[in-house]
Amino acid sequence: MLRSYDVTELRAGMLVGRAVKDFDGKTLIPANVKLTSDMIDSLRGKSIFSVYIDVTPEEYTPTAATEEHLIDNDYVTCYKKCFAITQNLYYGFANTGKIDRNELVELLRAENISELCDDGLKAVTQIHNMKRDGDYVIHHALNVGILSGIMAHWLEFRAAQVGELVMSGLLSEIGKMKISKGLLNKTEKLDNEEIAEVRKHVVFGYAALVESPLKKLKNVLLGVLHHHERCDGSGYPSKLKADKISDFGKIIAILDIYDAMATNRAYAKRNSPFDIIKVLYGDVLAGKLDTRFCVVFMKKLLQALNGSWVGLSDGQRAKIVYLDDSRVTALPIVKTTKDEFIDLNRRNDIKVDALLTANEV
């Protein structure tokens, strides 16, 4: 019997059941040939999404998720540990007005925050799906710190720069400890006076860092101060234009938006990565976000998502088998658990609702 496999599932030794052809009808691999590793590698990058393999009935098994794309319990345990340290760091600042250097060092240890940054897809999946029990501000700060570590690697930063960007992301919200909880947790629309009060958090955070052991780390301080500035001058607190905004501020601005949109809040439903990329791309076109950093983030994110499992708006579960990362607004081609291929670029009636975790697959 013939069974359709997506390219990511192919293995050397499989017997090709139907000739593999390109869009021009040229035969790439004839039928009745056993695949080799070189043959499989040659198919990648040729827009070949599936291959029919000749299998016996005993060999047929339903499509299953591969473990490398799923969150594991060790990751969740590490996240909870880092959340507790981040909370101690933030609440300690709220009580004393000082940033505890020891708590920050503990958070940045390799077995803590660095472990959460090692796998971009696991981090992104968790950000979209993990239930955020406890203080939203702490979760948001930790997730922006995690995304900062991932982004620093994507930008090929040196080790020292990676640590500084992670610190800046982790501390980006610390000024909110000077804002009343009632205002931060308000679900109704804020009035102009309340908006102005919340926006003070970047100045409060910067002022705290100036008086902290990190005061000589200019990039860290400016990342916190500038992460709500926008390249067209529409941001705050100083309405700076692009050439006046620090690189760290430009980077964290992107990551701050991403995590905020990926979260379920009382007044806003979480968005899928593809919904958020569309918003980020719109902000790039509008001149609000830095083109260089945002395009890197979007392209690398798409590459990380390739092969992951998603929930579709029609209730089906599917695996992403192809993403054209040369177009940052491209939607994926997915393969459902019924072995049906769907090109979401050509379907207006179906969309990706969410990334799936191990339990959901």
# chains A, B, ... in the order shown; residues from 1 in each chain; ligands from 1
>>> closest_atom_pairs(of="segment 186-238 of chain A", to="segment 97-118 of chain A", cutoff="12 Å", atoms="only C-alpha atoms", output="CSV")
residue,atom,partner,partner_atom,distance
A:Phe204,CA,A:Gly97,CA,10.3
A:Gly205,CA,A:Ile99,CA,10.2
A:Tyr206,CA,A:Ile99,CA,11.7
A:Ala207,CA,A:Gly97,CA,10.3
A:Ala208,CA,A:Lys98,CA,6.9
A:Leu209,CA,A:Ile99,CA,7.7
A:Val210,CA,A:Ile99,CA,10.4
A:Glu211,CA,A:Lys98,CA,7.8
A:Ser212,CA,A:Ile99,CA,6.1
A:Pro213,CA,A:Arg101,CA,6.8
A:Leu214,CA,A:Arg101,CA,8.6
A:Lys215,CA,A:Ile99,CA,11.0
>>> write_last_selection(atoms="N, CA and C atoms", output="PDB file, in the first residue's frame")
ATOM      1  N   PHE A 204      10.922  54.742  35.530  1.00  0.00           N
ATOM      2  CA  PHE A 204      11.170  54.165  36.849  1.00  0.00           C
ATOM      3  C   PHE A 204      12.203  53.039  36.766  1.00  0.00           C
ATOM      4  N   GLY A 205      12.074  52.192  35.750  1.00  0.00           N
ATOM      5  CA  GLY A 205      13.013  51.085  35.581  1.00  0.00           C
ATOM      6  C   GLY A 205      14.419  51.578  35.302  1.00  0.00           C
ATOM      7  N   TYR A 206      14.534  52.553  34.425  1.00  0.00           N
ATOM      8  CA  TYR A 206      15.842  53.127  34.101  1.00  0.00           C
ATOM      9  C   TYR A 206      16.485  53.734  35.342  1.00  0.00           C
ATOM     10  N   ALA A 207      15.689  54.484  36.109  1.00  0.00           N
ATOM     11  CA  ALA A 207      16.213  55.119  37.326  1.00  0.00           C
ATOM     12  C   ALA A 207      16.710  54.080  38.325  1.00  0.00           C
ATOM     13  N   ALA A 208      15.998  52.953  38.411  1.00  0.00           N
ATOM     14  CA  ALA A 208      16.417  51.891  39.326  1.00  0.00           C
ATOM     15  C   ALA A 208      17.748  51.286  38.897  1.00  0.00           C
ATOM     16  N   LEU A 209      17.926  51.117  37.600  1.00  0.00           N
ATOM     17  CA  LEU A 209      19.162  50.526  37.090  1.00  0.00           C
ATOM     18  C   LEU A 209      20.357  51.465  37.260  1.00  0.00           C
ATOM     19  N   VAL A 210      20.095  52.759  37.152  1.00  0.00           N
ATOM     20  CA  VAL A 210      21.168  53.740  37.348  1.00  0.00           C
ATOM     21  C   VAL A 210      21.749  53.640  38.757  1.00  0.00           C
ATOM     22  N   GLU A 211      20.901  53.245  39.707  1.00  0.00           N
ATOM     23  CA  GLU A 211      21.332  53.111  41.101  1.00  0.00           C
ATOM     24  C   GLU A 211      21.696  51.676  41.463  1.00  0.00           C
ATOM     25  N   SER A 212      21.810  50.813  40.492  1.00  0.00           N
ATOM     26  CA  SER A 212      22.040  49.393  40.744  1.00  0.00           C
ATOM     27  C   SER A 212      23.459  48.974  40.370  1.00  0.00           C
ATOM     28  N   PRO A 213      23.835  47.716  40.656  1.00  0.00           N
ATOM     29  CA  PRO A 213      25.152  47.216  40.235  1.00  0.00           C
ATOM     30  C   PRO A 213      25.324  47.174  38.719  1.00  0.00           C
ATOM     31  N   LEU A 214      24.235  47.369  37.982  1.00  0.00           N
ATOM     32  CA  LEU A 214      24.294  47.320  36.516  1.00  0.00           C
ATOM     33  C   LEU A 214      24.488  48.702  35.888  1.00  0.00           C
ATOM     34  N   LYS A 215      24.724  49.713  36.703  1.00  0.00           N
ATOM     35  CA  LYS A 215      24.709  51.095  36.220  1.00  0.00           C
ATOM     36  C   LYS A 215      25.721  51.384  35.104  1.00  0.00           C
TER      37      LYS A 215
END
>>> residues_around(residues="Trp309 of chain A", least_positions_apart="2", cutoff="7 Å", atoms="only C-alpha atoms", output="PDB file with C-alpha atoms, in the first residue's frame")
ATOM      1  CA  ALA A  65       4.334  14.372  16.610  1.00  0.00           C
ATOM      2  CA  GLY A 307       7.815  20.886  11.617  1.00  0.00           C
ATOM      3  CA  ALA A 318      -1.894  19.348  11.676  1.00  0.00           C
ATOM      4  CA  LYS A 319       1.857  19.434  11.245  1.00  0.00           C
ATOM      5  CA  ILE A 320       3.633  22.266   9.433  1.00  0.00           C
ATOM      6  CA  LEU A 355       0.693  25.907  18.487  1.00  0.00           C
ATOM      7  CA  LEU A 356       0.159  22.557  20.179  1.00  0.00           C
TER       8      LEU A 356
END
>>> closest_residue(among="A:Lys26, A:Asn185, A:Phe248, A:Asp54", to="Phe157 of chain A", atoms="only C-alpha atoms")
A:Phe248
>>> atom_distance(atom1="atom CA of His139 of chain A", atom2="atom CA of Leu301 of chain A")
20.4 Å
>>> select_by_dssp(residues="segment 99-270 of chain A", states="alpha helix (DSSP H)", output="number ranges by chain")
A: 101-108, 115-117, 120-129, 136-154, 159-170, 181-184, 192-198, 201-210, 218-226, 247-261
>>> closest_residue(among="A:Ser238, A:Val284, A:His140, A:Val352", to="Met261 of chain A", atoms="only C-alpha atoms")
A:His140
>>> closest_residue(among="A:Gln126, A:Ala159, A:Ser37, A:Glu173", to="Phe93 of chain A", atoms="only C-alpha atoms")
A:Glu173
>>> residues_around(residues="Asp243 of chain A", least_positions_apart="4", cutoff="12 Å", atoms="only C-alpha atoms", output="list in words")
Glu229, Arg230, Cys231, Asp232, Gly233, Lys239, Asp247, Gly249, Lys250 and Asp290 of chain A
>>> write_last_selection(atoms="C-alpha atoms", output="CSV table (one decimal), in the first residue's frame")
chain,number,residue,atom,x,y,z
A,229,GLU,CA,10.1,54.0,21.6
A,230,ARG,CA,9.1,53.7,18.0
A,231,CYS,CA,11.3,54.5,15.0
A,232,ASP,CA,8.7,57.0,13.6
A,233,GLY,CA,8.8,59.0,16.8
A,239,LYS,CA,9.2,60.2,21.2
A,247,ASP,CA,19.7,48.7,19.3
A,249,GLY,CA,15.6,49.2,22.7
A,250,LYS,CA,14.7,48.4,19.1
A,290,ASP,CA,13.4,48.5,13.0
>>> atom_distance(atom1="atom CA of Arg317 of chain A", atom2="atom CA of Thr336 of chain A")
5.8 Å
>>> residues_around(residues="Lys288 of chain A", least_positions_apart="5", cutoff="12 Å", atoms="only C-alpha atoms", output="ChimeraX atom specification")
/A:227-235,239-242,245,250,253-254,257,279-283,294
>>> write_last_selection(atoms="N, CA and C atoms", output="PDB file, in the first residue's frame")
ATOM      1  N   HIS A 227      12.469  50.605  25.164  1.00  0.00           N
ATOM      2  CA  HIS A 227      11.737  49.510  24.511  1.00  0.00           C
ATOM      3  C   HIS A 227      10.302  49.855  24.127  1.00  0.00           C
ATOM      4  N   HIS A 228       9.835  51.038  24.499  1.00  0.00           N
ATOM      5  CA  HIS A 228       8.526  51.494  24.011  1.00  0.00           C
ATOM      6  C   HIS A 228       8.657  52.689  23.061  1.00  0.00           C
ATOM      7  N   GLU A 229       9.881  53.043  22.696  1.00  0.00           N
ATOM      8  CA  GLU A 229      10.073  54.042  21.648  1.00  0.00           C
ATOM      9  C   GLU A 229       9.799  53.389  20.305  1.00  0.00           C
ATOM     10  N   ARG A 230       9.412  54.179  19.318  1.00  0.00           N
ATOM     11  CA  ARG A 230       9.149  53.664  17.984  1.00  0.00           C
ATOM     12  C   ARG A 230       9.922  54.490  16.965  1.00  0.00           C
ATOM     13  N   CYS A 231      10.376  53.843  15.909  1.00  0.00           N
ATOM     14  CA  CYS A 231      11.287  54.473  14.951  1.00  0.00           C
ATOM     15  C   CYS A 231      10.705  55.712  14.269  1.00  0.00           C
ATOM     16  N   ASP A 232       9.364  55.791  14.231  1.00  0.00           N
ATOM     17  CA  ASP A 232       8.737  56.958  13.597  1.00  0.00           C
ATOM     18  C   ASP A 232       8.488  58.083  14.586  1.00  0.00           C
ATOM     19  N   GLY A 233       8.932  57.932  15.829  1.00  0.00           N
ATOM     20  CA  GLY A 233       8.758  58.981  16.827  1.00  0.00           C
ATOM     21  C   GLY A 233       7.439  58.931  17.576  1.00  0.00           C
ATOM     22  N   SER A 234       6.672  57.864  17.395  1.00  0.00           N
ATOM     23  CA  SER A 234       5.349  57.772  18.024  1.00  0.00           C
ATOM     24  C   SER A 234       5.369  57.097  19.390  1.00  0.00           C
ATOM     25  N   GLY A 235       6.553  56.662  19.842  1.00  0.00           N
ATOM     26  CA  GLY A 235       6.626  55.927  21.100  1.00  0.00           C
ATOM     27  C   GLY A 235       6.813  56.815  22.313  1.00  0.00           C
ATOM     28  N   LYS A 239       9.588  60.065  22.618  1.00  0.00           N
ATOM     29  CA  LYS A 239       9.240  60.206  21.194  1.00  0.00           C
ATOM     30  C   LYS A 239      10.495  60.283  20.314  1.00  0.00           C
ATOM     31  N   LEU A 240      11.441  59.390  20.594  1.00  0.00           N
ATOM     32  CA  LEU A 240      12.688  59.366  19.835  1.00  0.00           C
ATOM     33  C   LEU A 240      12.473  58.811  18.438  1.00  0.00           C
ATOM     34  N   LYS A 241      13.256  59.285  17.482  1.00  0.00           N
ATOM     35  CA  LYS A 241      13.257  58.735  16.136  1.00  0.00           C
ATOM     36  C   LYS A 241      14.299  57.614  16.057  1.00  0.00           C
ATOM     37  N   ALA A 242      14.307  56.898  14.953  1.00  0.00           N
ATOM     38  CA  ALA A 242      15.101  55.669  14.808  1.00  0.00           C
ATOM     39  C   ALA A 242      16.565  55.840  15.162  1.00  0.00           C
ATOM     40  N   ILE A 245      17.335  55.809  18.939  1.00  0.00           N
ATOM     41  CA  ILE A 245      16.918  54.671  19.767  1.00  0.00           C
ATOM     42  C   ILE A 245      18.034  53.630  19.772  1.00  0.00           C
ATOM     43  N   LYS A 250      15.358  48.789  20.321  1.00  0.00           N
ATOM     44  CA  LYS A 250      14.658  48.365  19.104  1.00  0.00           C
ATOM     45  C   LYS A 250      14.341  46.871  19.137  1.00  0.00           C
ATOM     46  N   ALA A 253      11.652  46.008  21.864  1.00  0.00           N
ATOM     47  CA  ALA A 253      10.333  46.481  21.416  1.00  0.00           C
ATOM     48  C   ALA A 253       9.602  45.382  20.653  1.00  0.00           C
ATOM     49  N   ILE A 254      10.316  44.683  19.786  1.00  0.00           N
ATOM     50  CA  ILE A 254       9.727  43.594  18.981  1.00  0.00           C
ATOM     51  C   ILE A 254       9.297  42.441  19.883  1.00  0.00           C
ATOM     52  N   ILE A 257       6.203  43.198  22.122  1.00  0.00           N
ATOM     53  CA  ILE A 257       4.952  43.095  21.363  1.00  0.00           C
ATOM     54  C   ILE A 257       4.589  41.633  21.160  1.00  0.00           C
ATOM     55  N   VAL A 279       1.106  41.480  12.230  1.00  0.00           N
ATOM     56  CA  VAL A 279       1.089  42.779  12.924  1.00  0.00           C
ATOM     57  C   VAL A 279       2.484  43.395  12.918  1.00  0.00           C
ATOM     58  N   LEU A 280       3.504  42.579  13.239  1.00  0.00           N
ATOM     59  CA  LEU A 280       4.876  43.086  13.250  1.00  0.00           C
ATOM     60  C   LEU A 280       5.279  43.612  11.870  1.00  0.00           C
ATOM     61  N   TYR A 281       4.915  42.866  10.830  1.00  0.00           N
ATOM     62  CA  TYR A 281       5.249  43.289   9.472  1.00  0.00           C
ATOM     63  C   TYR A 281       4.560  44.615   9.135  1.00  0.00           C
ATOM     64  N   GLY A 282       3.318  44.757   9.591  1.00  0.00           N
ATOM     65  CA  GLY A 282       2.603  46.015   9.383  1.00  0.00           C
ATOM     66  C   GLY A 282       3.301  47.174  10.071  1.00  0.00           C
ATOM     67  N   ASP A 283       3.827  46.921  11.270  1.00  0.00           N
ATOM     68  CA  ASP A 283       4.548  47.975  11.995  1.00  0.00           C
ATOM     69  C   ASP A 283       5.874  48.313  11.322  1.00  0.00           C
ATOM     70  N   CYS A 294      13.616  43.281  12.965  1.00  0.00           N
ATOM     71  CA  CYS A 294      12.304  42.635  12.884  1.00  0.00           C
ATOM     72  C   CYS A 294      12.282  41.551  11.805  1.00  0.00           C
TER      73      CYS A 294
END
>>> closest_residue(among="A:His153, A:Ala354, A:Gly223, A:Asn306", to="Ile333 of chain A", atoms="only C-alpha atoms")
A:Asn306
>>> atom_distance(atom1="atom CA of Leu184 of chain A", atom2="atom CA of Asp259 of chain A")
16.6 Å
>>> residues_around(residues="Ser168 of chain A", least_positions_apart="3", cutoff="9 Å", atoms="only C-alpha atoms", output="list in words")
Gly145, Ser148, Gly163, Glu164, Leu165, Leu171, Ser172, Asn219, Val220, Leu221, Leu222, Gly223, Val224, Phe248, Gly249 and Ile252 of chain A
>>> closest_residue(among="A:Val124, A:Leu43, A:Asp256, A:Asp343", to="Leu302 of chain A", atoms="only C-alpha atoms")
A:Val124
>>> closest_residue(among="A:Glu197, A:Glu9, A:Glu188, A:Asp349", to="Val321 of chain A", atoms="only C-alpha atoms")
A:Glu9
